[in-house]
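**Student:** Below is one structure. I have some questions about it.
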Amino acid sequence: MRLGTGRRVLLYLALLLLMVIFIGPILWFILLAIKPPDVAFAQRPVLFFQPSWSAFHEIFINPGTNARQLVNSIIVAGGAVALNLPFSVPAAYAISRFTFRGRKNLMLWYLGLLMAPPVAFLIPYFIVATAVGLTGTYLAMILVLQTIVVPFSVWLLKSFFDDIPIDLEASAALDGARLPAILWHITLPLAAPGLVVTAMFAFVFAWNNAAFPLVLSDQDTATLPIGTLGYFGTAGVSWNDIGAAAVAAMLPPMLIFLIMGRYVVRGLTFGSLKG
Amino acid sequence: MSAVVLQSREYDPPLRKKKRQLLPLLLIAPSVLLLIVLVAFPLVFSLRNSFYFWNLQMSPQPMGFIGLGNYRAAVAQSDFFEALRHTLEIALLGTAIEVAAGLAIAHLLVVRLVGIDLCRALLIMPTTIAPIVTGFLFRYMYDAQGGIIPWLIRLVHLPVPPQGLLGNDQTALWAVLFADIWQWTPFCAIVLYAGLLSVPDEIVEAARIDGANGWTILGRITLPMIRKPMAFVAALRLMQIFNLFDLVLVLTRGGPGSASRTLSYNLYQQGLVDFNIGLSSASTWMIVILVNILIALFAIFAFRDIV
């Protein structure tokens with residue numbers, strides 16, 4: 001379709017407005033993290049200033065209040081993804097390759113779990129974790145995160161297994177290969193990119209969850225956002241420190257989404273739309 | 001490639017018939033068992049405690065069977081229905097705004113403009129942020145003393161409540177919803193954009209030549225063809241706003257008073273702030289029933305054909 005010049009200018013303006021609305025606030029937050037404290041809340045917003053990395057230095061190096069929390073976030077999200085794979089990979093393969101009764105309902109059940117309110121589970125998890133001495137452990141958080149990471153991974157992985165032509169497995173079977181060999185030598189290598197993509201998105205999912213660490217972590221195991229939340233309770237909140245910690249919490253998911261490129265739509269729709 | 005090509009999904013690995021039924025079951029069982037333990041257990045735990053009086057500050061154990069007392073209390077207190085009303089309001093309004101705005105943006109994203117690929121890649125960034133971090137961002141921007149949002153509102157000569165947008169009981173809930181709309185409209189836009197790509201240009205062009213206007217094309221061609229992604233984003237957003245918690249926790253803690261309490265935040269307040277486990281368990285079950293009805297409706301109407 002041909003566009004007139006006037007229309008074209010309007011569309012560019014709309015695109016610019018779109019970027020200002022949706023990217024502007026993120027940049028504004030990044031600016032906060034590198035602003036000198038005295039202009040963070042200037043009555044008239046300040047755009048030009050001498051950038052300072054002191055907030056990052058403060059929270060991650062000296063005294064490094066949030067350094068441990070950054071590591072905790074990586075451990076919890078990474079652990080949740082690692083634990084989930086032995087559960088979700090076989091399930092996704094079975095759903096992709098076999099027809100059996102209740103297959104569709106099983107998929108809907110996994111999806112239903114992704115839509116359940118996490119807070120409904122928080123209180124029982126908290127009480128029981130306290131009773132068995134699991135509060136404040138990585139294990140407790142990694143375990144309950146499976147309620148969202150496993151269903152998500154099953155859905156996304158199934159879409160990748162669906163993409164692998166079944167003929168390859170069938171012909172290997174005709175040549176006499178047994179199922180474990182087929183899986184190991186044919187299916188898994190072909191599914192490797194899908195596994196990586198799924199693990200990356202699942203990592204974002206786990207990394208961004210705040211409800212579970214909110215009640216299951218303690219001082220030593222708090223994840224980065226939960227640690228940052230603590231700033232609000234203290235007198236004389238340092239917005240520069242909050243900005244720096246929040247920016248650090250934002251960056252990994254952003255980078256993963258930028259790297260994922262054409263898989264973003266697939267990840268966002270749990271594999272139901274290939275994009 | 002072998003001479004025999006099996007194209008159907010029904011291809012079964014070369015195993016004996018009996019094993020064939022067993023294998024998928026064995027592969028699925030671990031995930032299902034793990035999830036049942038993690039999900040059913042809290043539900044059963046809540047169900048039992050919903051019939052007991054139990055305040056965690058007074059005792060580590062349930063303190064006495066009171067039948068439906070907690071349910072009566074939960075319904076009698078105005079909190080539950082107020083929170084339910086807030087939740088339904090923001091879920092319906094938020095979903096409508098996000099899907100409509102997302103659809104409009106998706107139409108912009110399919111136009112060939114210089115730099116559009118980069119804009120598309122950047123547009124999704126708000127959605128990647130943890131909702132709790134989005135909360136930090138908006139708390140900064142809403143700040144009554146020096147936040148940029150009140151500054152912008154005053155710039156166009158509109159009134160800002162003296163307590164700030166988050167501190168005023170007329171605006172707090174909507175300010176929270178606005179942060180959610182900012183975060184998730186790009187999600188709707190990107191998914192619907194991918195849906196629009198599947199609408200063949202020829203059909204749209206043919207309709208245009210036949211004299212159809214933009215709205216007719218949208219209603220008769222585009223929307224029917226992107227039915228699946230529309231149903232997916234609408235159902236997912238409705239449910240996620242229905243469960244809204246992180247943003248409320250950071251931005252308003254349900255306040256001022258109870259002006260921005262959602263069902264999820266109300267539950268958190270009852271159980272983990274007031275430590276009234278019995279009452280919060282009863283609320284949990286009322287919410288679980290509501291959520292299951294909603295999910296069942298989605299499963300029947302929205303998700304049947306995407307599975």
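Residues in the structure tokens are numbered from 1 in each chain, the chains being A, B, ... in the order shown, and ligands are numbered from 1 in the order shown.
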Write out as number ranges by chain the residues lying within 6 Å of segment 211-221 of chain A, counting only C-alpha atoms and excluding same-chain residues fewer than 6 positions away.
**Tutor:** A: 72, 135-136
**Student:** As a ChimeraX atom specification, please: every residue in segment 143-274 of chain A that a backbone DSSP assignment puts in alpha helix (DSSP H).
**Tutor:** /A:143-163,166-174,179-182,188-207,211-216,224-229,239-260,264-268
**Student:** Store the residues picked out above in a file with C-alpha atoms, as a PDB file, in the first residue's frame.
**Tutor:**
```pdb
ATOM      1  CA  LEU A 143      10.314 -25.728  44.707  1.00  0.00           C
ATOM      2  CA  VAL A 144       7.231 -23.512  44.733  1.00  0.00           C
ATOM      3  CA  LEU A 145       8.388 -21.704  41.592  1.00  0.00           C
ATOM      4  CA  GLN A 146       7.840 -25.017  39.791  1.00  0.00           C
ATOM      5  CA  THR A 147       4.106 -24.269  39.894  1.00  0.00           C
ATOM      6  CA  ILE A 148       4.639 -21.651  37.192  1.00  0.00           C
ATOM      7  CA  VAL A 149       7.906 -22.714  35.548  1.00  0.00           C
ATOM      8  CA  VAL A 150       6.848 -26.315  34.781  1.00  0.00           C
ATOM      9  CA  PRO A 151       3.507 -25.533  33.075  1.00  0.00           C
ATOM     10  CA  PHE A 152       5.111 -22.717  31.086  1.00  0.00           C
ATOM     11  CA  SER A 153       8.013 -24.906  29.957  1.00  0.00           C
ATOM     12  CA  VAL A 154       5.742 -27.814  28.997  1.00  0.00           C
ATOM     13  CA  TRP A 155       3.705 -25.538  26.733  1.00  0.00           C
ATOM     14  CA  LEU A 156       6.660 -23.845  25.099  1.00  0.00           C
ATOM     15  CA  LEU A 157       8.709 -27.043  24.700  1.00  0.00           C
ATOM     16  CA  LYS A 158       5.770 -28.879  23.169  1.00  0.00           C
ATOM     17  CA  SER A 159       5.682 -26.290  20.407  1.00  0.00           C
ATOM     18  CA  PHE A 160       9.353 -26.954  19.679  1.00  0.00           C
ATOM     19  CA  PHE A 161       8.903 -30.738  19.656  1.00  0.00           C
ATOM     20  CA  ASP A 162       5.956 -30.227  17.276  1.00  0.00           C
ATOM     21  CA  ASP A 163       8.389 -28.545  14.876  1.00  0.00           C
ATOM     22  CA  ILE A 166       8.255 -37.052  13.100  1.00  0.00           C
ATOM     23  CA  ASP A 167       9.584 -38.744   9.941  1.00  0.00           C
ATOM     24  CA  LEU A 168      13.086 -38.489  11.324  1.00  0.00           C
ATOM     25  CA  GLU A 169      12.136 -40.521  14.351  1.00  0.00           C
ATOM     26  CA  ALA A 170      10.012 -42.881  12.293  1.00  0.00           C
ATOM     27  CA  SER A 171      12.785 -43.639   9.835  1.00  0.00           C
ATOM     28  CA  ALA A 172      15.305 -44.237  12.580  1.00  0.00           C
ATOM     29  CA  ALA A 173      12.790 -46.608  14.146  1.00  0.00           C
ATOM     30  CA  LEU A 174      12.411 -48.449  10.865  1.00  0.00           C
ATOM     31  CA  LEU A 179      13.439 -45.334  21.507  1.00  0.00           C
ATOM     32  CA  PRO A 180      16.120 -44.183  23.970  1.00  0.00           C
ATOM     33  CA  ALA A 181      18.655 -44.066  21.153  1.00  0.00           C
ATOM     34  CA  ILE A 182      16.238 -42.179  18.935  1.00  0.00           C
ATOM     35  CA  LEU A 188      17.234 -34.036  21.684  1.00  0.00           C
ATOM     36  CA  PRO A 189      19.943 -32.547  19.433  1.00  0.00           C
ATOM     37  CA  LEU A 190      17.231 -31.173  17.149  1.00  0.00           C
ATOM     38  CA  ALA A 191      15.322 -29.830  20.141  1.00  0.00           C
ATOM     39  CA  ALA A 192      18.390 -28.191  21.698  1.00  0.00           C
ATOM     40  CA  PRO A 193      17.675 -24.674  20.397  1.00  0.00           C
ATOM     41  CA  GLY A 194      14.107 -24.978  21.668  1.00  0.00           C
ATOM     42  CA  LEU A 195      15.395 -26.149  25.023  1.00  0.00           C
ATOM     43  CA  VAL A 196      17.681 -23.134  25.295  1.00  0.00           C
ATOM     44  CA  VAL A 197      14.903 -20.730  24.308  1.00  0.00           C
ATOM     45  CA  THR A 198      12.516 -22.328  26.791  1.00  0.00           C
ATOM     46  CA  ALA A 199      15.088 -22.231  29.575  1.00  0.00           C
ATOM     47  CA  MET A 200      15.773 -18.547  28.899  1.00  0.00           C
ATOM     48  CA  PHE A 201      12.119 -17.546  29.021  1.00  0.00           C
ATOM     49  CA  ALA A 202      11.510 -19.739  32.057  1.00  0.00           C
ATOM     50  CA  PHE A 203      14.433 -17.953  33.703  1.00  0.00           C
ATOM     51  CA  VAL A 204      12.738 -14.596  33.084  1.00  0.00           C
ATOM     52  CA  PHE A 205       9.492 -15.993  34.475  1.00  0.00           C
ATOM     53  CA  ALA A 206      11.204 -17.141  37.659  1.00  0.00           C
ATOM     54  CA  TRP A 207      13.418 -14.059  37.927  1.00  0.00           C
ATOM     55  CA  ALA A 211       5.256 -13.184  45.519  1.00  0.00           C
ATOM     56  CA  PHE A 212       7.088 -16.376  46.525  1.00  0.00           C
ATOM     57  CA  PRO A 213      10.394 -14.819  47.655  1.00  0.00           C
ATOM     58  CA  LEU A 214       8.375 -12.157  49.472  1.00  0.00           C
ATOM     59  CA  VAL A 215       7.215 -14.696  52.062  1.00  0.00           C
ATOM     60  CA  LEU A 216       9.743 -17.525  51.711  1.00  0.00           C
ATOM     61  CA  LEU A 224      17.032  -8.453  44.375  1.00  0.00           C
ATOM     62  CA  PRO A 225      13.494  -6.990  44.071  1.00  0.00           C
ATOM     63  CA  ILE A 226      12.587  -8.148  47.573  1.00  0.00           C
ATOM     64  CA  GLY A 227      15.767  -6.611  48.942  1.00  0.00           C
ATOM     65  CA  THR A 228      14.922  -3.412  47.085  1.00  0.00           C
ATOM     66  CA  LEU A 229      11.426  -3.441  48.589  1.00  0.00           C
ATOM     67  CA  TRP A 239      15.895   6.797  45.468  1.00  0.00           C
ATOM     68  CA  ASN A 240      19.228   6.580  43.677  1.00  0.00           C
ATOM     69  CA  ASP A 241      19.926   3.236  45.334  1.00  0.00           C
ATOM     70  CA  ILE A 242      16.415   1.984  44.544  1.00  0.00           C
ATOM     71  CA  GLY A 243      16.890   3.088  40.945  1.00  0.00           C
ATOM     72  CA  ALA A 244      20.236   1.323  40.657  1.00  0.00           C
ATOM     73  CA  ALA A 245      18.952  -1.928  42.213  1.00  0.00           C
ATOM     74  CA  ALA A 246      15.810  -1.850  40.064  1.00  0.00           C
ATOM     75  CA  VAL A 247      17.817  -1.225  36.902  1.00  0.00           C
ATOM     76  CA  ALA A 248      20.004  -4.222  37.754  1.00  0.00           C
ATOM     77  CA  ALA A 249      16.841  -6.309  38.215  1.00  0.00           C
ATOM     78  CA  MET A 250      15.454  -5.112  34.868  1.00  0.00           C
ATOM     79  CA  LEU A 251      18.493  -5.754  32.730  1.00  0.00           C
ATOM     80  CA  PRO A 252      18.664  -9.583  32.520  1.00  0.00           C
ATOM     81  CA  PRO A 253      15.066 -10.036  31.272  1.00  0.00           C
ATOM     82  CA  MET A 254      15.517  -7.168  28.812  1.00  0.00           C
ATOM     83  CA  LEU A 255      18.724  -8.639  27.425  1.00  0.00           C
ATOM     84  CA  ILE A 256      17.147 -12.085  27.119  1.00  0.00           C
ATOM     85  CA  PHE A 257      14.186 -10.671  25.205  1.00  0.00           C
ATOM     86  CA  LEU A 258      16.485  -8.702  22.896  1.00  0.00           C
ATOM     87  CA  ILE A 259      18.569 -11.817  22.200  1.00  0.00           C
ATOM     88  CA  MET A 260      15.481 -13.979  21.650  1.00  0.00           C
ATOM     89  CA  VAL A 264       9.611 -13.449  21.555  1.00  0.00           C
ATOM     90  CA  VAL A 265       6.046 -13.950  20.334  1.00  0.00           C
ATOM     91  CA  ARG A 266       6.320 -17.677  20.835  1.00  0.00           C
ATOM     92  CA  GLY A 267       7.587 -17.210  24.366  1.00  0.00           C
ATOM     93  CA  LEU A 268       4.922 -14.645  25.230  1.00  0.00           C
TER      94      LEU A 268
END
```
**Student:** So how many Å separate atom CA of Phe98 of chain A and atom CA of Pro24 of chain B, to one decimal?
**Tutor:**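 So the two atoms, atom CA of Phe98 of chain A and atom CA of Pro24 of chain B, lie 6.7 Å apart.
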**Student:** Taking only C-alpha atoms into account, what are the residues of chain B at most 6 Å from chain A, put as a PyMOL selection string?
**Tutor:** chain B and resi 2+5-6+24+27-28+30-31+42+128-130+146+191+194+243+264+284
**Student:** If you count only C-alpha atoms, which residues fall within 10 Å of segment 53-68 of chain B, apart from same-chain ones fewer than 6 positions away, as a PDB file with N, CA and C atoms, in the first residue's frame?
**Tutor:**
```pdb
ATOM      1  N   ILE A 127       3.187 -21.125  56.030  1.00  0.00           N
ATOM      2  CA  ILE A 127       3.003 -21.822  57.303  1.00  0.00           C
ATOM      3  C   ILE A 127       3.740 -23.151  57.311  1.00  0.00           C
ATOM      4  N   THR A 130       7.498 -22.779  57.332  1.00  0.00           N
ATOM      5  CA  THR A 130       7.944 -22.421  58.681  1.00  0.00           C
ATOM      6  C   THR A 130       7.975 -23.660  59.571  1.00  0.00           C
ATOM      7  N   ALA A 131       6.898 -24.477  59.464  1.00  0.00           N
ATOM      8  CA  ALA A 131       6.792 -25.651  60.325  1.00  0.00           C
ATOM      9  C   ALA A 131       7.924 -26.646  60.078  1.00  0.00           C
TER      10      ALA A 131
ATOM     11  N   ALA B  74     -15.979 -13.414  56.472  1.00  0.00           N
ATOM     12  CA  ALA B  74     -15.415 -12.857  55.232  1.00  0.00           C
ATOM     13  C   ALA B  74     -16.481 -12.147  54.416  1.00  0.00           C
ATOM     14  N   GLN B 270      -5.084 -10.200  55.028  1.00  0.00           N
ATOM     15  CA  GLN B 270      -5.701 -11.040  56.057  1.00  0.00           C
ATOM     16  C   GLN B 270      -4.721 -12.078  56.593  1.00  0.00           C
ATOM     17  N   GLY B 271      -3.973 -12.715  55.685  1.00  0.00           N
ATOM     18  CA  GLY B 271      -3.157 -13.852  56.091  1.00  0.00           C
ATOM     19  C   GLY B 271      -1.780 -13.474  56.585  1.00  0.00           C
ATOM     20  N   LEU B 272      -1.101 -12.545  55.894  1.00  0.00           N
ATOM     21  CA  LEU B 272       0.307 -12.335  56.191  1.00  0.00           C
ATOM     22  C   LEU B 272       0.604 -10.973  56.806  1.00  0.00           C
ATOM     23  N   ASP B 274      -2.305  -9.416  58.956  1.00  0.00           N
ATOM     24  CA  ASP B 274      -3.095  -9.593  60.183  1.00  0.00           C
ATOM     25  C   ASP B 274      -2.931 -10.989  60.779  1.00  0.00           C
ATOM     26  N   PHE B 275      -2.364 -11.915  60.019  1.00  0.00           N
ATOM     27  CA  PHE B 275      -2.115 -13.301  60.443  1.00  0.00           C
ATOM     28  C   PHE B 275      -3.390 -14.036  60.856  1.00  0.00           C
ATOM     29  N   ASN B 276      -4.535 -13.623  60.295  1.00  0.00           N
ATOM     30  CA  ASN B 276      -5.777 -14.348  60.544  1.00  0.00           C
ATOM     31  C   ASN B 276      -5.890 -15.474  59.510  1.00  0.00           C
ATOM     32  N   ILE B 277      -5.304 -16.626  59.866  1.00  0.00           N
ATOM     33  CA  ILE B 277      -5.190 -17.713  58.887  1.00  0.00           C
ATOM     34  C   ILE B 277      -6.561 -18.289  58.542  1.00  0.00           C
ATOM     35  N   GLY B 278      -7.430 -18.420  59.550  1.00  0.00           N
ATOM     36  CA  GLY B 278      -8.761 -18.967  59.295  1.00  0.00           C
ATOM     37  C   GLY B 278      -9.522 -18.126  58.290  1.00  0.00           C
ATOM     38  N   LEU B 279      -9.574 -16.827  58.541  1.00  0.00           N
ATOM     39  CA  LEU B 279     -10.299 -15.912  57.657  1.00  0.00           C
ATOM     40  C   LEU B 279      -9.694 -15.911  56.256  1.00  0.00           C
ATOM     41  N   SER B 280      -8.358 -15.848  56.178  1.00  0.00           N
ATOM     42  CA  SER B 280      -7.739 -15.793  54.861  1.00  0.00           C
ATOM     43  C   SER B 280      -7.945 -17.109  54.109  1.00  0.00           C
ATOM     44  N   SER B 281      -8.028 -18.237  54.858  1.00  0.00           N
ATOM     45  CA  SER B 281      -8.273 -19.518  54.186  1.00  0.00           C
ATOM     46  C   SER B 281      -9.666 -19.546  53.581  1.00  0.00           C
ATOM     47  N   ALA B 282     -10.635 -18.985  54.318  1.00  0.00           N
ATOM     48  CA  ALA B 282     -11.993 -18.919  53.769  1.00  0.00           C
ATOM     49  C   ALA B 282     -12.004 -18.039  52.523  1.00  0.00           C
TER      50      ALA B 282
END
```
